[in-house]
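Trainee: Dropping a structure here in structure tokens format, bear with me for questions.
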Amino acid sequence: LRGIGLANYIETPAGIPLERSHITVKPEGEVEVIIGTLSQGQGHETSFPQVVSEWLGVPYDSVKLVQGDSDIVPEGGGTHSDRSMRLGGFVMVKASEQIIDKGRKIAGHALEAAESDIEFRAGRFTVAGTDRSLGLFEAARHATTNKSLPAELQGALDGDHKFVGRIPAYPNGAAACEVEIDPDTGAIQIVSYCCVDDVGRVVNPMIVDGQVHGGIVQGVGQAMLEHVVYDAYGQVLSGSFMDYALCHADNVPSFKVETNEVPTKGNPLGVKGGGEAGTTGALAVFMNAVHDALKPAGVTNLDMPASPQRVWRAIQDAKAKG
């Protein structure tokens, strides 16, 4: 029995509204980024430095990400609800802008030019219309060693931004799934799975694809296999992974995933969030495909999870009803 399912989704993730970042440019050529959002495998240690590297115009390898150390990280909102790059990226950009503003003032003093004449591009402060310039790390050295600078410019070249609030975003996408069901056993094979997601601006395509892959498996796993079972007395009967079925690699095909980038105007990076992209559409598109496949067998309704036993029982019940 073959079936095809389609599903479109749109969501408005929110998450804990607090996020904070402290960024310090060190004279020896390192940029330390302290962030309250802790990675749990989402690749923040790759994508967060990308943002700071591009915004400050410094080498990617010079950015050091500090996360998860409560002695250093004072506060943060955590990783959930598509908020990591949307809120974490926002506070990193704002802290970086503080550094650029302060560095422009320092460069004005060091290069004996008006602050309004100082341009910042590709990690350097340049006097407009001249070849006189000062690098970001050189500005950091001036801040720590040049005693002729005004007091407010002396010390670490750093920026700190705390945000408490909502940054709306509307990730959306579409998915298509084809399944094949063996009517004699109720076993389901996913033959093909494709999706296109608009997560806003994509900072790192490989990480987004990986998150979508994992999200699909999580969603399909819930729709096809995962089930918490209790007895009549409330005792859980599926309390271990010997009894609670998880999705394995052989339960899914190679996915075809694409992105449709429509940057949002709600934050400086234009990101909407990709951490939930795969999961949100997966449950509906899989179950739609299953129902389409079971239609010729007379099955009109099947609740999740569509386990082989449930599918087989639904087919037998439909046969019994003629």
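Ordering of the structure tokens sets the chain letters (A, B, ...); residue numbers start at 1 within each chain; ligands are numbered from 1 in the order shown.
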Give me, as an MDAnalysis selection string, the residues of region 136-177 of chain A that a backbone DSSP run labels alpha helix (DSSP H).
Mentor: chainID A and resid 136:145
Trainee: Pick out the residues sitting within 8 Å of region 174-180 of chain A, and hand them over as a ChimeraX atom specification; count only C-alpha atoms, and ignore anything fewer than 3 positions along from it in its own chain.
Mentor: /A:1-9,188-197,281-282,285-286,289-290,293
Trainee: Neighbouring residues of region 102-105 of chain A were defined as those with any atom within 9 Å, considering only C-alpha atoms; residues of the same chain fewer than 6 positions away were excluded. Please report them as a ChimeraX atom specification.
Mentor: /A:114-116,118-120,125-126,136,139-140,143,153,157-159
Trainee: Please identify all polymer residues within 10 Å of Asp82 (chain A), counting only C-alpha atoms, omitting same-chain residues fewer than 4 positions from it, and present them as a list of chain:residue names.
Mentor: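 Returned residues: A:Thr12, A:Pro13, A:Ala14, A:Gly15, A:Arg86, A:Leu87, A:Ala169, A:Pro171, A:Val199, A:Val271, A:Lys272, A:Gly273, A:Gly274, A:Gly275, A:Glu276, A:Ala277.
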Trainee: Nearest to Asp101 (chain A): which of A:Ile34, A:Leu56, A:Lys319, A:Gly78 is it, counting only C-alpha atoms?
Mentor: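 Of A:Ile34, A:Leu56, A:Lys319, A:Gly78, the one nearest Asp101 (chain A), counting only C-alpha atoms, is A:Leu56.
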Trainee: Please report the interatomic distance between CA of Gly210 (chain A) and CA of Leu283 (chain A) in Å with one decimal.
Mentor: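 Taking CA of Gly210 (chain A) as the start and CA of Leu283 (chain A) as the end point, the length is 18.1 Å.
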Trainee: Which residue is closest to Val252 (chain A)? Choose from A:Gly57, A:Pro183, A:Gly214, A:Pro268 and count only C-alpha atoms.
Mentor: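 Residue with the minimum atom-to-atom distance to Val252 (chain A): A:Gly214.
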Trainee: So which one's closest to Val31 (chain A), A:Thr130, A:Ala156, A:Glu19, A:Gly43? Using only C-alpha atoms, please.
Mentor: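 Of A:Thr130, A:Ala156, A:Glu19, A:Gly43, the one nearest Val31 (chain A), counting only C-alpha atoms, is A:Ala156.
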